file my_file24.cif (mmCIF, C-alpha atoms)
data_protein
loop_
_atom_site.group_PDB
_atom_site.id
_atom_site.type_symbol
_atom_site.label_atom_id
_atom_site.label_comp_id
_atom_site.auth_asym_id
_atom_site.auth_seq_id
_atom_site.Cartn_x
_atom_site.Cartn_y
_atom_site.Cartn_z
ATOM 1 C CA MET A 1 -51.918 119.618 8.735
ATOM 2 C CA ASP A 2 -49.461 120.685 11.447
ATOM 3 C CA ILE A 3 -47.360 117.963 13.101
ATOM 4 C CA ARG A 4 -47.816 119.823 16.403
ATOM 5 C CA VAL A 5 -51.600 119.526 16.172
ATOM 6 C CA LEU A 6 -51.291 115.815 15.386
ATOM 7 C CA ARG A 7 -49.383 115.431 18.650
ATOM 8 C CA TYR A 8 -52.215 117.231 20.438
ATOM 9 C CA PHE A 9 -54.733 114.909 18.794
ATOM 10 C CA LEU A 10 -52.794 111.804 19.845
ATOM 11 C CA ALA A 11 -52.557 113.063 23.434
ATOM 12 C CA VAL A 12 -56.335 113.510 23.639
ATOM 13 C CA ALA A 13 -56.916 110.095 22.046
ATOM 14 C CA ARG A 14 -54.594 108.532 24.621
ATOM 15 C CA GLU A 15 -55.891 110.406 27.682
ATOM 16 C CA GLU A 16 -59.549 110.238 26.542
ATOM 17 C CA SER A 17 -59.941 113.630 28.151
ATOM 18 C CA ILE A 18 -59.400 117.273 27.155
ATOM 19 C CA SER A 19 -58.378 118.201 30.690
ATOM 20 C CA GLY A 20 -55.969 115.271 31.033
ATOM 21 C CA ALA A 21 -54.369 115.965 27.650
ATOM 22 C CA ALA A 22 -54.144 119.699 28.365
ATOM 23 C CA GLU A 23 -52.326 118.994 31.634
ATOM 24 C CA TYR A 24 -49.944 116.585 29.882
ATOM 25 C CA LEU A 25 -49.265 119.102 27.074
ATOM 26 C CA HIS A 26 -49.049 122.123 29.435
ATOM 27 C CA LEU A 27 -51.812 123.906 27.511
ATOM 28 C CA SER A 28 -55.019 125.550 28.621
ATOM 29 C CA GLN A 29 -58.192 123.571 27.948
ATOM 30 C CA PRO A 30 -59.717 126.309 25.730
ATOM 31 C CA THR A 31 -56.564 126.428 23.596
ATOM 32 C CA LEU A 32 -56.522 122.671 23.148
ATOM 33 C CA SER A 33 -60.260 122.528 22.392
ATOM 34 C CA ARG A 34 -59.859 125.216 19.744
ATOM 35 C CA GLN A 35 -56.963 123.346 18.108
ATOM 36 C CA LEU A 36 -59.036 120.162 17.929
ATOM 37 C CA SER A 37 -62.041 121.990 16.491
ATOM 38 C CA ASP A 38 -59.806 123.578 13.850
ATOM 39 C CA LEU A 39 -58.418 120.121 13.000
ATOM 40 C CA GLU A 40 -61.922 118.699 12.543
ATOM 41 C CA ALA A 41 -62.838 121.678 10.369
ATOM 42 C CA GLU A 42 -59.705 121.244 8.251
ATOM 43 C CA ILE A 43 -60.395 117.545 7.701
ATOM 44 C CA GLY A 44 -64.143 118.008 7.335
ATOM 45 C CA LYS A 45 -64.915 115.026 9.581
ATOM 46 C CA GLN A 46 -65.943 114.560 13.193
ATOM 47 C CA LEU A 47 -63.060 112.941 15.060
ATOM 48 C CA PHE A 48 -64.373 112.783 18.629
ATOM 49 C CA ILE A 49 -67.547 111.842 20.481
ATOM 50 C CA ARG A 50 -67.513 114.147 23.474
ATOM 51 C CA GLY A 51 -69.162 112.414 26.427
ATOM 52 C CA SER A 52 -69.774 113.720 29.948
ATOM 53 C CA ARG A 53 -66.806 111.852 31.405
ATOM 54 C CA ARG A 54 -64.601 110.758 28.543
ATOM 55 C CA ILE A 55 -63.874 111.389 24.904
ATOM 56 C CA THR A 56 -63.947 108.540 22.409
ATOM 57 C CA LEU A 57 -62.895 108.413 18.773
ATOM 58 C CA THR A 58 -65.220 108.176 15.827
ATOM 59 C CA GLU A 59 -64.423 105.820 12.955
ATOM 60 C CA HIS A 60 -62.619 108.697 11.204
ATOM 61 C CA GLY A 61 -60.806 109.527 14.434
ATOM 62 C CA THR A 62 -59.590 105.942 14.794
ATOM 63 C CA LEU A 63 -58.182 106.039 11.263
ATOM 64 C CA LEU A 64 -56.455 109.363 11.923
ATOM 65 C CA ARG A 65 -54.933 108.036 15.159
ATOM 66 C CA LYS A 66 -53.296 105.182 13.232
ATOM 67 C CA ARG A 67 -51.962 107.469 10.505
ATOM 68 C CA ALA A 68 -50.959 110.228 12.926
ATOM 69 C CA SER A 69 -48.958 107.737 15.017
ATOM 70 C CA GLU A 70 -47.074 106.688 11.892
ATOM 71 C CA ILE A 71 -46.463 110.292 10.778
ATOM 72 C CA VAL A 72 -45.296 111.507 14.180
ATOM 73 C CA GLY A 73 -43.148 108.394 14.700
ATOM 74 C CA LEU A 74 -41.450 108.817 11.328
ATOM 75 C CA MET A 75 -40.880 112.534 11.953
ATOM 76 C CA GLU A 76 -39.299 111.882 15.360
ATOM 77 C CA LYS A 77 -37.129 109.124 13.900
ATOM 78 C CA THR A 78 -35.970 111.424 11.095
ATOM 79 C CA MET A 79 -35.251 114.353 13.425
ATOM 80 C CA GLY A 80 -33.244 112.081 15.692
ATOM 81 C CA GLU A 81 -31.118 110.906 12.778
ATOM 82 C CA LEU A 82 -30.544 114.465 11.539
ATOM 83 C CA ALA A 83 -29.605 115.700 14.999
ATOM 84 C CA ALA A 84 -27.042 112.938 15.562
ATOM 85 C CA ASP A 85 -23.410 113.983 15.867
ATOM 86 C CA GLU A 86 -21.678 113.576 12.513
ATOM 87 C CA GLU A 87 -18.706 111.832 14.104
ATOM 88 C CA ALA A 88 -20.258 109.865 16.938
ATOM 89 C CA ILE A 89 -22.029 106.540 16.467
ATOM 90 C CA ALA A 90 -25.137 107.255 18.493
ATOM 91 C CA GLY A 91 -28.866 107.041 18.021
ATOM 92 C CA ASP A 92 -31.721 104.600 17.630
ATOM 93 C CA ILE A 93 -32.118 101.417 15.604
ATOM 94 C CA TYR A 94 -35.622 100.085 15.003
ATOM 95 C CA ILE A 95 -36.264 96.413 14.226
ATOM 96 C CA GLY A 96 -39.486 94.537 13.568
ATOM 97 C CA ALA A 97 -39.616 90.812 14.268
ATOM 98 C CA GLY A 98 -41.979 87.932 14.787
ATOM 99 C CA GLU A 99 -41.788 85.565 17.717
ATOM 100 C CA THR A 100 -38.769 83.339 17.121
ATOM 101 C CA GLU A 101 -35.641 82.214 18.932
ATOM 102 C CA ALA A 102 -33.647 83.559 15.953
ATOM 103 C CA VAL A 103 -33.994 87.070 17.409
ATOM 104 C CA HIS A 104 -30.841 86.040 19.326
ATOM 105 C CA PHE A 105 -28.836 86.708 16.134
ATOM 106 C CA LEU A 106 -29.977 90.330 16.279
ATOM 107 C CA THR A 107 -29.554 90.813 20.007
ATOM 108 C CA HIS A 108 -26.078 89.276 19.935
ATOM 109 C CA ALA A 109 -24.961 91.741 17.257
ATOM 110 C CA ALA A 110 -26.677 94.534 19.182
ATOM 111 C CA ARG A 111 -24.713 93.752 22.341
ATOM 112 C CA LEU A 112 -21.411 93.728 20.474
ATOM 113 C CA LEU A 113 -22.206 97.079 18.868
ATOM 114 C CA ARG A 114 -23.210 98.668 22.168
ATOM 115 C CA GLU A 115 -19.970 97.517 23.764
ATOM 116 C CA GLN A 116 -18.176 99.757 21.258
ATOM 117 C CA HIS A 117 -20.830 102.477 21.013
ATOM 118 C CA PRO A 118 -22.889 102.639 24.223
ATOM 119 C CA ASP A 119 -25.002 105.540 22.952
ATOM 120 C CA VAL A 120 -26.710 103.299 20.391
ATOM 121 C CA ARG A 121 -30.204 102.202 21.464
ATOM 122 C CA PHE A 122 -32.193 99.250 20.084
ATOM 123 C CA HIS A 123 -35.950 98.999 19.794
ATOM 124 C CA ILE A 124 -37.603 95.721 18.770
ATOM 125 C CA ALA A 125 -41.283 95.835 17.815
ATOM 126 C CA SER A 126 -43.086 92.487 17.782
ATOM 127 C CA GLY A 127 -45.400 91.675 14.907
ATOM 128 C CA ASP A 128 -46.178 89.167 12.198
ATOM 129 C CA THR A 129 -45.099 89.367 8.548
ATOM 130 C CA VAL A 130 -47.894 91.802 7.676
ATOM 131 C CA ASP A 131 -46.964 94.174 10.514
ATOM 132 C CA VAL A 132 -43.225 94.051 9.810
ATOM 133 C CA THR A 133 -43.441 94.594 6.054
ATOM 134 C CA GLU A 134 -45.904 97.456 6.525
ATOM 135 C CA ALA A 135 -43.560 99.161 8.987
ATOM 136 C CA LEU A 136 -40.592 98.607 6.661
ATOM 137 C CA ASP A 137 -42.409 100.066 3.671
ATOM 138 C CA LYS A 138 -43.407 103.151 5.660
ATOM 139 C CA GLY A 139 -39.880 103.713 6.971
ATOM 140 C CA LEU A 140 -40.893 103.208 10.594
ATOM 141 C CA ILE A 141 -38.256 100.517 11.181
ATOM 142 C CA ASP A 142 -34.763 99.972 9.779
ATOM 143 C CA PHE A 143 -34.730 96.180 9.648
ATOM 144 C CA GLY A 144 -37.211 93.346 9.728
ATOM 145 C CA LEU A 145 -36.922 89.654 10.518
ATOM 146 C CA LEU A 146 -39.127 87.784 8.030
ATOM 147 C CA PHE A 147 -39.946 84.157 7.299
ATOM 148 C CA GLY A 148 -40.124 82.510 3.904
ATOM 149 C CA ILE A 149 -39.391 83.864 0.436
ATOM 150 C CA ILE A 150 -38.255 87.498 0.304
ATOM 151 C CA ASP A 151 -39.446 89.925 -2.382
ATOM 152 C CA GLU A 152 -36.043 90.758 -3.889
ATOM 153 C CA LYS A 153 -37.506 93.630 -5.917
ATOM 154 C CA LYS A 154 -38.378 95.478 -2.725
ATOM 155 C CA TYR A 155 -35.863 94.275 -0.145
ATOM 156 C CA SER A 156 -32.226 93.415 0.373
ATOM 157 C CA SER A 157 -31.647 90.593 2.818
ATOM 158 C CA ILE A 158 -29.295 88.342 4.751
ATOM 159 C CA ALA A 159 -30.390 84.745 5.229
ATOM 160 C CA LEU A 160 -29.925 83.520 8.795
ATOM 161 C CA PRO A 161 -28.303 80.106 9.379
ATOM 162 C CA ALA A 162 -31.329 78.816 11.269
ATOM 163 C CA TYR A 163 -34.894 77.717 10.802
ATOM 164 C CA ASP A 164 -37.965 77.062 12.890
ATOM 165 C CA THR A 165 -40.263 74.075 12.433
ATOM 166 C CA TRP A 166 -44.017 74.210 11.908
ATOM 167 C CA GLY A 167 -46.199 72.153 14.179
ATOM 168 C CA VAL A 168 -49.354 72.089 16.260
ATOM 169 C CA ILE A 169 -49.956 73.193 19.837
ATOM 170 C CA MET A 170 -52.624 71.039 21.470
ATOM 171 C CA ARG A 171 -53.868 70.089 24.906
ATOM 172 C CA ARG A 172 -51.726 67.494 26.620
ATOM 173 C CA ASP A 173 -54.815 65.378 27.322
ATOM 174 C CA ASP A 174 -55.712 65.234 23.609
ATOM 175 C CA PRO A 175 -55.405 61.755 22.020
ATOM 176 C CA LEU A 176 -53.078 63.226 19.343
ATOM 177 C CA ALA A 177 -50.650 64.228 22.119
ATOM 178 C CA GLU A 178 -49.653 60.575 22.383
ATOM 179 C CA LYS A 179 -48.048 60.807 18.923
ATOM 180 C CA GLU A 180 -44.524 62.135 18.271
ATOM 181 C CA TYR A 181 -45.734 64.109 15.245
ATOM 182 C CA VAL A 182 -48.965 64.833 13.391
ATOM 183 C CA THR A 183 -49.881 64.251 9.754
ATOM 184 C CA ALA A 184 -52.496 65.584 7.336
ATOM 185 C CA ALA A 185 -54.671 62.578 8.111
ATOM 186 C CA ASP A 186 -54.458 63.323 11.849
ATOM 187 C CA MET A 187 -55.584 66.910 11.345
ATOM 188 C CA ALA A 188 -58.358 66.302 8.816
ATOM 189 C CA GLY A 189 -61.446 68.190 9.900
ATOM 190 C CA LYS A 190 -59.906 69.432 13.156
ATOM 191 C CA PRO A 191 -60.662 73.049 14.210
ATOM 192 C CA LEU A 192 -57.587 75.170 13.527
ATOM 193 C CA ILE A 193 -56.319 78.332 15.176
ATOM 194 C CA VAL A 194 -54.022 80.223 12.805
ATOM 195 C CA SER A 195 -52.093 83.479 12.568
ATOM 196 C CA ARG A 196 -51.701 85.849 9.635
ATOM 197 C CA ALA A 197 -48.113 84.591 9.381
ATOM 198 C CA SER A 198 -49.204 80.979 9.004
ATOM 199 C CA PRO A 199 -49.021 79.480 5.521
ATOM 200 C CA GLU A 200 -52.284 78.083 4.242
ATOM 201 C CA PRO A 201 -52.849 74.702 5.939
ATOM 202 C CA GLY A 202 -52.977 73.137 2.490
ATOM 203 C CA SER A 203 -49.484 74.375 1.645
ATOM 204 C CA LEU A 204 -48.097 72.904 4.852
ATOM 205 C CA PHE A 205 -49.235 69.394 4.049
ATOM 206 C CA GLY A 206 -49.530 69.527 0.269
ATOM 207 C CA GLN A 207 -53.263 69.035 0.599
ATOM 208 C CA VAL A 208 -56.190 70.669 2.349
ATOM 209 C CA ILE A 209 -56.191 69.329 5.907
ATOM 210 C CA SER A 210 -59.113 71.292 7.310
ATOM 211 C CA LYS A 211 -61.395 74.105 6.247
ATOM 212 C CA ASN A 212 -62.534 74.469 9.829
ATOM 213 C CA VAL A 213 -60.724 77.613 11.034
ATOM 214 C CA ALA A 214 -61.932 78.186 14.561
ATOM 215 C CA GLY A 215 -59.995 81.368 15.228
ATOM 216 C CA SER A 216 -56.822 83.378 14.744
ATOM 217 C CA TYR A 217 -54.150 85.015 16.878
ATOM 218 C CA SER A 218 -51.431 87.663 16.665
ATOM 219 C CA LEU A 219 -49.492 86.625 19.767
ATOM 220 C CA VAL A 220 -48.775 82.968 20.446
ATOM 221 C CA TYR A 221 -49.596 83.337 24.130
ATOM 222 C CA ASN A 222 -53.130 84.479 23.338
ATOM 223 C CA GLY A 223 -53.484 81.626 20.869
ATOM 224 C CA SER A 224 -52.380 79.186 23.560
ATOM 225 C CA LEU A 225 -55.240 80.329 25.796
ATOM 226 C CA MET A 226 -57.659 79.497 22.991
ATOM 227 C CA VAL A 227 -56.141 76.024 22.796
ATOM 228 C CA ALA A 228 -56.217 75.557 26.570
ATOM 229 C CA ASP A 229 -59.942 76.352 26.598
ATOM 230 C CA GLY A 230 -60.631 73.790 23.897
ATOM 231 C CA LEU A 231 -61.266 76.014 20.865
ATOM 232 C CA GLY A 232 -58.956 74.041 18.590
ATOM 233 C CA TYR A 233 -55.400 73.215 17.502
ATOM 234 C CA MET A 234 -52.922 76.055 16.968
ATOM 235 C CA LEU A 235 -50.590 76.051 13.968
ATOM 236 C CA CYS A 236 -47.351 77.716 15.046
ATOM 237 C CA LEU A 237 -43.572 77.472 15.086
ATOM 238 C CA ASP A 238 -41.575 75.529 17.637
ATOM 239 C CA LYS A 239 -39.486 76.976 20.489
ATOM 240 C CA ILE A 240 -41.791 79.961 21.021
ATOM 241 C CA LEU A 241 -44.151 78.737 23.712
ATOM 242 C CA ASN A 242 -42.867 76.981 26.829
ATOM 243 C CA VAL A 243 -44.778 73.692 26.969
ATOM 244 C CA THR A 244 -42.457 71.892 29.387
ATOM 245 C CA GLY A 245 -43.049 70.932 33.011
ATOM 246 C CA ASP A 246 -46.606 71.333 34.243
ATOM 247 C CA SER A 247 -47.890 73.028 31.077
ATOM 248 C CA PRO A 248 -51.313 71.667 30.032
ATOM 249 C CA LEU A 249 -50.219 72.041 26.402
ATOM 250 C CA CYS A 250 -47.716 70.293 24.142
ATOM 251 C CA PHE A 251 -46.160 70.841 20.710
ATOM 252 C CA ARG A 252 -46.115 68.186 18.006
ATOM 253 C CA PRO A 253 -44.207 68.824 14.755
ATOM 254 C CA LEU A 254 -45.739 68.202 11.362
ATOM 255 C CA MET A 255 -44.710 65.195 9.333
ATOM 256 C CA PRO A 256 -43.396 65.538 6.669
ATOM 257 C CA GLU A 257 -41.289 68.224 8.332
ATOM 258 C CA VAL A 258 -42.014 71.808 7.284
ATOM 259 C CA LYS A 259 -39.165 74.266 7.882
ATOM 260 C CA ALA A 260 -39.539 78.040 8.142
ATOM 261 C CA HIS A 261 -36.360 79.775 6.998
ATOM 262 C CA MET A 262 -35.825 83.397 7.907
ATOM 263 C CA SER A 263 -33.911 86.485 6.810
ATOM 264 C CA VAL A 264 -33.032 89.946 8.057
ATOM 265 C CA VAL A 265 -34.362 92.398 5.465
ATOM 266 C CA TRP A 266 -34.296 96.110 4.699
ATOM 267 C CA LYS A 267 -35.616 98.305 1.917
ATOM 268 C CA LYS A 268 -33.572 98.327 -1.268
ATOM 269 C CA TYR A 269 -31.450 101.446 -1.726
ATOM 270 C CA GLN A 270 -32.148 102.481 1.847
ATOM 271 C CA VAL A 271 -29.951 105.249 3.199
ATOM 272 C CA PHE A 272 -28.955 104.100 6.670
ATOM 273 C CA SER A 273 -28.128 106.204 9.677
ATOM 274 C CA LYS A 274 -24.624 105.605 11.011
ATOM 275 C CA PRO A 275 -25.831 103.345 13.854
ATOM 276 C CA SER A 276 -27.919 101.251 11.449
ATOM 277 C CA GLN A 277 -25.049 100.928 8.989
ATOM 278 C CA ARG A 278 -22.683 99.868 11.766
ATOM 279 C CA PHE A 279 -25.250 97.377 13.084
ATOM 280 C CA LEU A 280 -25.546 95.775 9.648
ATOM 281 C CA GLU A 281 -21.759 95.470 9.450
ATOM 282 C CA THR A 282 -21.656 93.926 12.932
ATOM 283 C CA LEU A 283 -24.413 91.463 12.060
ATOM 284 C CA ARG A 284 -22.553 90.364 8.916
ATOM 285 C CA GLN A 285 -19.366 89.864 10.969
ATOM 286 C CA THR A 286 -21.107 87.775 13.633
ATOM 287 C CA LEU A 287 -22.748 85.557 11.010
ATOM 288 C CA ALA A 288 -19.404 85.073 9.251
ATOM 289 C CA ASP A 289 -17.682 84.296 12.546
ATOM 290 C CA PRO A 290 -20.173 82.682 14.969
ATOM 291 C CA GLU A 291 -17.483 82.318 17.637
ATOM 292 C CA GLN A 292 -17.078 86.098 17.868
ATOM 293 C CA ASP A 293 -18.040 87.391 21.305
#

call {"tool": "encode", "arguments": {"input": "my_file24.cif", "output": "structure tokens"}}
result
Amino acid sequence: MDIRVLRYFLAVAREESISGAAEYLHLSQPTLSRQLSDLEAEIGKQLFIRGSRRITLTEHGTLLRKRASEIVGLMEKTMGELAADEEAIAGDIYIGAGETEAVHFLTHAARLLREQHPDVRFHIASGDTVDVTEALDKGLIDFGLLFGIIDEKKYSSIALPAYDTWGVIMRRDDPLAEKEYVTAADMAGKPLIVSRASPEPGSLFGQVISKNVAGSYSLVYNGSLMVADGLGYMLCLDKILNVTGDSPLCFRPLMPEVKAHMSVVWKKYQVFSKPSQRFLETLRQTLADPEQD
């Protein structure tokens, strides 16, 4: 399977049109159509449903788009690293992170590194623990910011001197909003909105607080809309969503307090590019000397 043809496939999937993709790729429509037909023949599966106005992906096409994006992304990342000047510190650093104020540790180190090497570029992809570990394992990112216990067989890590606190986002007009914190008894039977990164509700309180999961979210903002419309109570970390001022929502921490510690991780025995190696050194220096600026 040719990497060039995968790029063609991704362009058609994005444009949802042979003509639009052909114009973007500077190819003739017959040439592009033939390449796609050859790809379907090679795989032995139909990838597209060709409508009168737009092209959509089949189930097999959707799977290939996900894998092709990973393959092309990894190839471009690798080629960029190989093409980098052997002496210069230049290139791209890819980081995966969840929504947390602790990202400041990474961005602070990034700024210091760019002051010395302005040709270094940083790319932060947002995602939960599942997304970040998957990208790490596939080599699509250099570093990840993860919560909780780290698998030391797979990853090396640096613990950050910070933690977030688990709590509940609720409507400000909810009776529980009058409390300073919420307990297992308060939440018993309440409809919960959780993320894949959330620990099991039972592990947060030491007992099952509710089996009534009303929904889930990937981004806290989307989860907050579910709360605002009365679907339930959202388990999340503090300092992510702005619930000050006129916000109709509020955050109440759990009691007993549940802390979420975090670490910067990377694959064991990973061979870093020069920018990534220098970033790791800079991060270690800033953590050792917080006053450095």

call {"tool": "resolve_selection", "arguments": {"input": "my_file24.cif", "expression": "the PyMOL selection byres ((chain A and resi 28-42) around 12)", "output": "ChimeraX atom specification"}}
result
/A:1-13,17-27,43-50,55,58,60-61,64

call {"tool": "atom_distance", "arguments": {"input": "my_file24.cif", "atom1": "CA of Asp128 (chain A)", "atom2": "CA of Pro199 (chain A)"}}
result
12.1 Å

call {"tool": "atom_distance", "arguments": {"input": "my_file24.cif", "atom1": "CA of His117 (chain A)", "atom2": "CA of Thr133 (chain A)"}}
result
28.2 Å

call {"tool": "residues_around", "arguments": {"input": "my_file24.cif", "residues": "Tyr181 (chain A)", "least_positions_apart": "2", "cutoff": "12 Å", "atoms": "only C-alpha atoms", "output": "list in words"}}
result
Thr165, Trp166, Gly167, Val168, Ile169, Met170, Leu176, Ala177, Glu178, Lys179, Thr183, Ala184, Ala185, Asp186, Met187, Cys250, Phe251, Arg252, Pro253, Leu254, Met255, Pro256, Glu257 and Val258 of chain A

call {"tool": "atom_distance", "arguments": {"input": "my_file24.cif", "atom1": "CA of Ser216 (chain A)", "atom2": "CA of Gly189 (chain A)"}}
result
16.6 Å

call {"tool": "resolve_selection", "arguments": {"input": "my_file24.cif", "expression": "the PyMOL selection byres ((chain A and resi 261-272) around 8)", "output": "mmCIF file with C-alpha atoms, keeping the file's coordinate frame"}}
result
data_model
loop_
_atom_site.group_PDB
_atom_site.id
_atom_site.type_symbol
_atom_site.label_atom_id
_atom_site.label_comp_id
_atom_site.auth_asym_id
_atom_site.auth_seq_id
_atom_site.Cartn_x
_atom_site.Cartn_y
_atom_site.Cartn_z
ATOM 1 C CA LEU A 136 -40.592 98.607 6.661
ATOM 2 C CA ASP A 137 -42.409 100.066 3.671
ATOM 3 C CA ASP A 142 -34.763 99.972 9.779
ATOM 4 C CA PHE A 143 -34.730 96.180 9.648
ATOM 5 C CA GLY A 144 -37.211 93.346 9.728
ATOM 6 C CA LEU A 145 -36.922 89.654 10.518
ATOM 7 C CA LEU A 146 -39.127 87.784 8.030
ATOM 8 C CA PHE A 147 -39.946 84.157 7.299
ATOM 9 C CA GLY A 148 -40.124 82.510 3.904
ATOM 10 C CA ILE A 150 -38.255 87.498 0.304
ATOM 11 C CA LYS A 153 -37.506 93.630 -5.917
ATOM 12 C CA LYS A 154 -38.378 95.478 -2.725
ATOM 13 C CA TYR A 155 -35.863 94.275 -0.145
ATOM 14 C CA SER A 156 -32.226 93.415 0.373
ATOM 15 C CA SER A 157 -31.647 90.593 2.818
ATOM 16 C CA ILE A 158 -29.295 88.342 4.751
ATOM 17 C CA ALA A 159 -30.390 84.745 5.229
ATOM 18 C CA LEU A 160 -29.925 83.520 8.795
ATOM 19 C CA ALA A 162 -31.329 78.816 11.269
ATOM 20 C CA TYR A 163 -34.894 77.717 10.802
ATOM 21 C CA ASP A 164 -37.965 77.062 12.890
ATOM 22 C CA LYS A 259 -39.165 74.266 7.882
ATOM 23 C CA ALA A 260 -39.539 78.040 8.142
ATOM 24 C CA SER A 273 -28.128 106.204 9.677
ATOM 25 C CA LYS A 274 -24.624 105.605 11.011
ATOM 26 C CA PRO A 275 -25.831 103.345 13.854
ATOM 27 C CA SER A 276 -27.919 101.251 11.449
ATOM 28 C CA GLN A 277 -25.049 100.928 8.989
#

call {"tool": "resolve_selection", "arguments": {"input": "my_file24.cif", "expression": "the PyMOL selection byres ((chain A and resi 233) around 9)", "output": "NGL selection string"}}
result
:A and (168-171 or 187 or 190-194 or 214 or 226-227 or 230-232 or 234-235)
